[in-house]
Amino acid sequence: MREKLKFVIASALPLIILNIPTEFIPIQGLSIVEHRLIAIFVMALLFWVLEPVPVFATSVFVIFLELIMISDKSFVLFKEAAGTVNFGVVLSYKEIMATFASPIILLFLGGFFLAMAATKYQLDINLARVFLKPFGTKPAFVLLGLMIVTAVFSMFMSNTATTAMMLAIISPVLALFEKGDRGRVAFALGIPFAANIGGIGTPIGTPPNIIAMKYLTGESVISFGTWMCFSVPLVLILLTFAWLLLLVLHKPQTPSINVAIKGKFRKNWQSLIVYVTFTLTILLWLFDFLHGMNSYIVAMIPVTVFSMTKIITTQDLKRINWDVLWLVSGGIALGMGLEKSGLVGHLIESIPFASFHPLFILFLATIITIIMATFMSNTATANLLIPIMAVLATSLPGMAQYGGTRLVVLAVGFACSLAMALPVSTPPNAMAHASGYIETSEMMKAGTIISGVGILGVYTMLFVLKQVGFF
Amino acid sequence: MEKLTILCIDDQRDVLAALRKDLESLNEFCRFEFCESADEAEEVLDELDAEVIPLAVIVCDHIMPGKNGVEFLIEFNGDARFEHTRKFLLTGMATHDDTITAINQAQINHYIEKPWEKEQILEVVKILITEFVMSVGMEYQSYLSILHQQTLYKYLRT
């Protein structure tokens, strides 16, 4: 019932917007195409916030509506006004459909192949065992070890899969804690927080990063290696902070912890191919300036190698997270519409952004991002905000001297991953909360502090990047 | 969110009443059907299928008048309409042979002897619900609070 109500609300408002006369909308020079796009944008916003349907379905709906309403092959009724002065610029249907296979999507697909192969051949769990060993058995250091491993893995695997793996490792240990030992909370929170933070570390770490990469083109382009140069230090700093915070808030009482992970590195030829391809792909991503292939092309290496060697089989292929890829595609299509139709330009002209200080606008953008991402999907937040902010960055006269597109897109992209105050904020948070070891209030307290410090960390990182002449 | 159905079959009403009580913490996410014989259960199965209601778990007794539990479960195991439904045999009087037949031919997912412990049966049902939700491919997020976490991690890892 509640879902139906949400559906009705989320559909009604866009329909009303679609049906009011274009002149009623207080934006100068608004074309009919742009008017329709506003309705699509509001639809996407409401559907992604209220989630009456899965988030990927909203993306598909965005693409469908763009095709039938504002493409060059749209439905006949939507073409009646074509040719009139204020009809506006239609989009190419080929370009809209091509978002399903844009280079960004294939870069992410490459990441999926790496992660799937690593999981299938137990590389992830074996690495976890080796990495955790040096951290000994003292609870504080075991927690640090778990958080570092989680963060590093979530740079290449999905944050959800990483959290599932790490919670599976730690749950039997937590069950042995004495009742009333607050340390349990530290462990149950440390893993999802580390997964959220670690996602920032590479362009393929989490979907908002990929969306940010989409808008870092031309002069603002950033390579895989460059991204890691500044985001990995940020991840390490935030991780250390989160670790100390959890130790202060929920100090473990138990004298020692023994995390036992069974297994040995596999030695058949397929496993060796997985190890070599994994290492090689990451190296090629990092050193693209040496070999000339960009990160999108490098991403095809794991896809090709694992398909050719039957490491990823026909059945495995069916288990790829197509929903995540489609969610991003819809975002790209929405962004393309906003940009190509000229809607964002018109929108920005009619709001007196220029009278605000550029840094105030940046501050406001990151705060809006983090609030939205706390309550809704991080990827959907990125889908809605990054395209607008990218255009805003280029059109504001004062923004260029602070770093322009790069500054704004990175700030908003990172802010998407830093929302972790509630169970609904991210899938890792929801999983940890469902484990039963933590209260919502405990997650809120630690999560809000880390979000706040995380944002300050992002500002600091951007400031340092400005000082070293990156912008 | 669609409620998951749990079908309990036992000829003794007090057993059904005890099951209802022990599983009541699942009420928010599950609806229960209680049957006193295999024949009655088959009618319920037809209704569930016609109305496309997801049947997550069958909890079945063995010794009953008419068709016994293991016979019923063997037939059920071959029923393509409910290929993902988890089967759970709950009995006090199954012989060694009955049990072997139940495992090999009905491919039951779990076996518990009466009398049972509340915590034990609740955990088993949660595990079976989790396996059902994940193997059917339902949106697991809506059921998160009743899913068995360790089982869920296995599915989410890949």
# chains A, B, ... in the order shown; residues from 1 in each chain; ligands from 1
call {"tool": "interface_residues", "arguments": {"of": "chain A", "to": "chain B", "cutoff": "10 Å", "atoms": "only C-alpha atoms", "output": "ChimeraX atom specification"}}
result
/A:1-3,54,115-120,157-158,160-169,171-172,316,319-321,424,427,430-436
call {"tool": "select_by_dssp", "arguments": {"residues": "region 145-314 of chain A", "states": "alpha helix (DSSP H)", "output": "ChimeraX atom specification"}}
result
/A:145-154,159-175,183-198,207-215,224-249,269-286,288-291,295-308,314
call {"tool": "write_last_selection", "arguments": {"atoms": "C-alpha atoms", "output": "short mmCIF file (atom, residue, chain, number, x, y, z; two decimals), in the first residue's frame"}}
result
data_model
loop_
_atom_site.label_atom_id
_atom_site.label_comp_id
_atom_site.auth_asym_id
_atom_site.auth_seq_id
_atom_site.Cartn_x
_atom_site.Cartn_y
_atom_site.Cartn_z
CA GLY A 145 43.83 -4.85 10.14
CA LEU A 146 40.24 -5.72 9.28
CA MET A 147 39.50 -2.12 8.36
CA ILE A 148 42.57 -1.79 6.15
CA VAL A 149 41.84 -5.08 4.35
CA THR A 150 38.20 -4.08 3.89
CA ALA A 151 39.17 -0.67 2.52
CA VAL A 152 41.76 -2.06 0.11
CA PHE A 153 39.37 -4.71 -1.21
CA SER A 154 36.51 -2.27 -1.64
CA ASN A 159 31.53 -2.37 -1.21
CA THR A 160 28.63 -4.76 -0.57
CA ALA A 161 30.53 -7.92 -1.53
CA THR A 162 33.56 -6.82 0.51
CA THR A 163 31.42 -6.17 3.56
CA ALA A 164 29.69 -9.55 3.18
CA MET A 165 33.05 -11.30 3.01
CA MET A 166 34.53 -9.48 5.99
CA LEU A 167 31.40 -9.80 8.17
CA ALA A 168 31.37 -13.52 7.39
CA ILE A 169 34.98 -13.71 8.65
CA ILE A 170 34.39 -11.71 11.80
CA SER A 171 30.91 -12.91 12.86
CA PRO A 172 32.03 -16.19 14.46
CA VAL A 173 34.58 -14.19 16.45
CA LEU A 174 32.04 -11.60 17.58
CA ALA A 175 29.74 -14.36 18.79
CA GLY A 183 34.09 -3.90 21.35
CA ARG A 184 31.55 -5.79 19.27
CA VAL A 185 30.10 -2.48 18.14
CA ALA A 186 33.53 -1.26 17.05
CA PHE A 187 34.01 -4.32 14.84
CA ALA A 188 30.49 -4.32 13.42
CA LEU A 189 30.81 -0.62 12.53
CA GLY A 190 34.45 -0.68 11.45
CA ILE A 191 33.86 -2.99 8.51
CA PRO A 192 31.03 -1.10 6.75
CA PHE A 193 32.71 2.24 7.42
CA ALA A 194 35.99 0.97 5.99
CA ALA A 195 34.13 -0.34 2.93
CA ASN A 196 32.43 3.01 2.36
CA ILE A 197 35.68 4.94 2.80
CA GLY A 198 37.74 2.47 0.75
CA PRO A 207 29.66 3.86 -8.89
CA PRO A 208 29.74 7.58 -7.89
CA ASN A 209 33.47 7.62 -8.78
CA ILE A 210 32.70 6.26 -12.23
CA ILE A 211 30.06 8.95 -12.73
CA ALA A 212 32.57 11.59 -11.64
CA MET A 213 35.09 10.18 -14.16
CA LYS A 214 32.47 10.63 -16.90
CA TYR A 215 32.52 14.38 -16.35
CA PHE A 224 43.42 6.00 -12.95
CA GLY A 225 46.84 6.49 -11.39
CA THR A 226 46.36 10.19 -10.74
CA TRP A 227 43.06 9.46 -9.02
CA MET A 228 44.77 6.99 -6.70
CA CYS A 229 47.66 9.38 -5.99
CA PHE A 230 45.41 11.72 -4.06
CA SER A 231 42.52 9.49 -2.98
CA VAL A 232 44.52 6.67 -1.41
CA PRO A 233 46.21 9.02 1.11
CA LEU A 234 42.76 10.45 1.88
CA VAL A 235 41.41 6.92 2.43
CA LEU A 236 44.30 6.10 4.79
CA ILE A 237 43.80 9.27 6.83
CA LEU A 238 40.05 8.78 7.14
CA LEU A 239 40.52 5.13 7.97
CA THR A 240 42.96 5.93 10.77
CA PHE A 241 40.55 8.51 12.12
CA ALA A 242 37.60 6.09 11.97
CA TRP A 243 39.68 3.43 13.74
CA LEU A 244 40.67 5.78 16.58
CA LEU A 245 37.13 7.07 16.90
CA LEU A 246 35.68 3.56 17.20
CA LEU A 247 38.31 2.65 19.80
CA VAL A 248 37.42 5.71 21.86
CA LEU A 249 33.66 5.16 21.57
CA TRP A 269 46.67 -22.83 -13.96
CA GLN A 270 43.36 -20.92 -13.88
CA SER A 271 44.22 -19.49 -10.47
CA LEU A 272 47.64 -18.42 -11.74
CA ILE A 273 45.97 -16.65 -14.68
CA VAL A 274 43.67 -14.85 -12.22
CA TYR A 275 46.65 -13.73 -10.09
CA VAL A 276 48.66 -12.55 -13.10
CA THR A 277 45.75 -10.81 -14.84
CA PHE A 278 44.70 -9.09 -11.63
CA THR A 279 48.19 -7.72 -11.02
CA LEU A 280 48.81 -6.84 -14.64
CA THR A 281 45.51 -4.96 -15.04
CA ILE A 282 46.16 -2.83 -11.98
CA LEU A 283 49.72 -2.08 -13.09
CA LEU A 284 48.52 -1.11 -16.58
CA TRP A 285 45.87 1.14 -15.03
CA LEU A 286 48.49 2.86 -12.90
CA ASP A 288 48.90 4.30 -18.58
CA PHE A 289 51.35 7.08 -19.47
CA LEU A 290 53.93 4.42 -20.37
CA HIS A 291 51.89 2.27 -22.75
CA SER A 295 41.93 2.86 -18.47
CA TYR A 296 38.85 1.98 -20.53
CA ILE A 297 40.86 -0.14 -22.91
CA VAL A 298 42.85 -1.73 -20.08
CA ALA A 299 39.51 -2.73 -18.52
CA MET A 300 38.88 -4.96 -21.52
CA ILE A 301 41.93 -7.08 -20.61
CA PRO A 302 40.32 -8.93 -17.67
CA VAL A 303 37.05 -9.18 -19.61
CA THR A 304 38.83 -10.79 -22.56
CA VAL A 305 41.30 -12.99 -20.67
CA PHE A 306 38.74 -14.41 -18.24
CA SER A 307 36.24 -15.08 -21.03
CA MET A 308 38.80 -16.78 -23.28
CA THR A 314 28.35 -18.32 -19.40
#
call {"tool": "closest_residue", "arguments": {"among": "B:Thr91, B:Thr85, B:Asn27, B:Ser135", "to": "Ala56 (chain B)", "atoms": "only C-alpha atoms"}}
result
B:Thr85
call {"tool": "atom_distance", "arguments": {"atom1": "CA of Glu36 (chain B)", "atom2": "CA of Leu7 (chain B)"}}
result
10.8 Å
call {"tool": "residues_around", "arguments": {"residues": "Ile105 (chain A)", "least_positions_apart": "6", "cutoff": "8 Å", "atoms": "only C-alpha atoms", "output": "list in words"}}
result
Thr99, Leu325, Val328 and Ser329 of chain A
call {"tool": "atom_distance", "arguments": {"atom1": "CA of Val57 (chain B)", "atom2": "CA of Leu45 (chain B)"}}
result
11.9 Å
call {"tool": "select_by_dssp", "arguments": {"residues": "region 5-139 of chain B", "states": "strand (DSSP E or B)", "output": "MDAnalysis selection string"}}
result
chainID B and resid 5:9 30:35 55:60 86:91 110:113
call {"tool": "residues_around", "arguments": {"residues": "Lys264 (chain A)", "least_positions_apart": "3", "cutoff": "10 Å", "atoms": "only C-alpha atoms", "output": "list in words"}}
result
Gln122, Leu123, Ile125, Asn126, Leu127, Arg129, Val130, Ile261 and Lys267 of chain A
call {"tool": "atom_distance", "arguments": {"atom1": "CA of Lys133 (chain A)", "atom2": "CA of Tyr121 (chain A)"}}
result
20.5 Å
call {"tool": "residues_around", "arguments": {"residues": "Ala421 (chain A)", "least_positions_apart": "6", "cutoff": "9 Å", "atoms": "only C-alpha atoms", "output": "list in words"}}
result
Thr374, Asn429, Thr440, Met443, Met444, Lys445, Ala446, Gly447, Thr448, Ile449, Ile450 and Ser451 of chain A
call {"tool": "residues_around", "arguments": {"residues": "Pro255 (chain A)", "least_positions_apart": "2", "cutoff": "12 Å", "atoms": "only C-alpha atoms", "output": "ChimeraX atom specification"}}
result
/A:136-142,177-178,181,183,251-253,257-258
call {"tool": "write_last_selection", "arguments": {"atoms": "N, CA and C atoms", "output": "mmCIF file, in the first residue's frame"}}
result
data_model
loop_
_atom_site.group_PDB
_atom_site.id
_atom_site.type_symbol
_atom_site.label_atom_id
_atom_site.label_comp_id
_atom_site.auth_asym_id
_atom_site.auth_seq_id
_atom_site.Cartn_x
_atom_site.Cartn_y
_atom_site.Cartn_z
ATOM 1 N N GLY A 136 48.365 -9.467 14.382
ATOM 2 C CA GLY A 136 48.377 -10.179 15.655
ATOM 3 C C GLY A 136 47.010 -10.482 16.216
ATOM 4 N N THR A 137 46.907 -10.482 17.558
ATOM 5 C CA THR A 137 45.647 -10.870 18.197
ATOM 6 C C THR A 137 45.100 -9.807 19.137
ATOM 7 N N LYS A 138 45.819 -8.674 19.297
ATOM 8 C CA LYS A 138 45.269 -7.615 20.144
ATOM 9 C C LYS A 138 44.068 -6.990 19.440
ATOM 10 N N PRO A 139 42.923 -6.878 20.144
ATOM 11 C CA PRO A 139 41.686 -6.434 19.482
ATOM 12 C C PRO A 139 41.849 -5.134 18.695
ATOM 13 N N ALA A 140 42.533 -4.146 19.271
ATOM 14 C CA ALA A 140 42.649 -2.858 18.601
ATOM 15 C C ALA A 140 43.353 -3.022 17.249
ATOM 16 N N PHE A 141 44.407 -3.846 17.236
ATOM 17 C CA PHE A 141 45.149 -3.991 15.986
ATOM 18 C C PHE A 141 44.431 -4.905 14.998
ATOM 19 N N VAL A 142 43.722 -5.892 15.539
ATOM 20 C CA VAL A 142 42.920 -6.736 14.642
ATOM 21 C C VAL A 142 41.873 -5.868 13.936
ATOM 22 N N PHE A 177 32.461 -12.986 21.928
ATOM 23 C CA PHE A 177 32.662 -11.864 22.849
ATOM 24 C C PHE A 177 31.730 -12.015 24.045
ATOM 25 N N GLU A 178 32.210 -11.562 25.221
ATOM 26 C CA GLU A 178 31.322 -11.605 26.377
ATOM 27 C C GLU A 178 30.210 -10.595 26.219
ATOM 28 N N ASP A 181 30.475 -6.545 26.198
ATOM 29 C CA ASP A 181 31.735 -6.033 25.651
ATOM 30 C C ASP A 181 31.418 -5.101 24.489
ATOM 31 N N GLY A 183 33.218 -3.737 22.499
ATOM 32 C CA GLY A 183 34.094 -3.903 21.347
ATOM 33 C C GLY A 183 33.378 -4.455 20.124
ATOM 34 N N LYS A 251 35.529 0.766 23.176
ATOM 35 C CA LYS A 251 36.787 0.043 23.378
ATOM 36 C C LYS A 251 36.542 -1.444 23.671
ATOM 37 N N PRO A 252 37.202 -2.328 22.903
ATOM 38 C CA PRO A 252 37.024 -3.765 23.176
ATOM 39 C C PRO A 252 37.645 -4.147 24.516
ATOM 40 N N GLN A 253 36.950 -4.993 25.281
ATOM 41 C CA GLN A 253 37.430 -5.415 26.604
ATOM 42 C C GLN A 253 38.232 -6.714 26.525
ATOM 43 N N ILE A 257 41.953 -11.672 20.321
ATOM 44 C CA ILE A 257 41.012 -12.145 19.317
ATOM 45 C C ILE A 257 41.774 -13.004 18.336
ATOM 46 N N ASN A 258 41.168 -14.118 17.968
ATOM 47 C CA ASN A 258 41.832 -14.952 16.979
ATOM 48 C C ASN A 258 40.942 -15.110 15.747
#
call {"tool": "residues_around", "arguments": {"residues": "Thr22 (chain A)", "least_positions_apart": "4", "cutoff": "8 Å", "atoms": "only C-alpha atoms", "output": "PDB file with N, CA and C atoms, in the first residue's frame"}}
result
ATOM      1  N   LEU A  30      13.154  29.049 -21.930  1.00  0.00           N
ATOM      2  CA  LEU A  30      13.001  27.601 -21.788  1.00  0.00           C
ATOM      3  C   LEU A  30      12.345  27.019 -23.047  1.00  0.00           C
ATOM      4  N   SER A  31      12.979  25.995 -23.635  1.00  0.00           N
ATOM      5  CA  SER A  31      12.396  25.368 -24.819  1.00  0.00           C
ATOM      6  C   SER A  31      11.456  24.233 -24.393  1.00  0.00           C
ATOM      7  N   ILE A  32      10.689  23.718 -25.364  1.00  0.00           N
ATOM      8  CA  ILE A  32       9.740  22.636 -25.051  1.00  0.00           C
ATOM      9  C   ILE A  32      10.492  21.374 -24.620  1.00  0.00           C
ATOM     10  N   HIS A  35      11.610  21.787 -21.143  1.00  0.00           N
ATOM     11  CA  HIS A  35      10.451  21.651 -20.260  1.00  0.00           C
ATOM     12  C   HIS A  35      10.191  20.166 -19.962  1.00  0.00           C
TER      13      HIS A  35
END
call {"tool": "closest_residue", "arguments": {"among": "B:Ala80, B:Ile9, B:Met93, B:Asp98", "to": "Lys114 (chain B)", "atoms": "only C-alpha atoms"}}
result
B:Met93
call {"tool": "closest_residue", "arguments": {"among": "B:Leu90, B:Ile74, B:Ile129, B:Val136", "to": "Ile6 (chain B)", "atoms": "only C-alpha atoms"}}
result
B:Ile129
call {"tool": "closest_residue", "arguments": {"among": "B:Arg86, B:Ala94, B:Val44, B:Arg81", "to": "Asn68 (chain B)", "atoms": "only C-alpha atoms"}}
result
B:Ala94
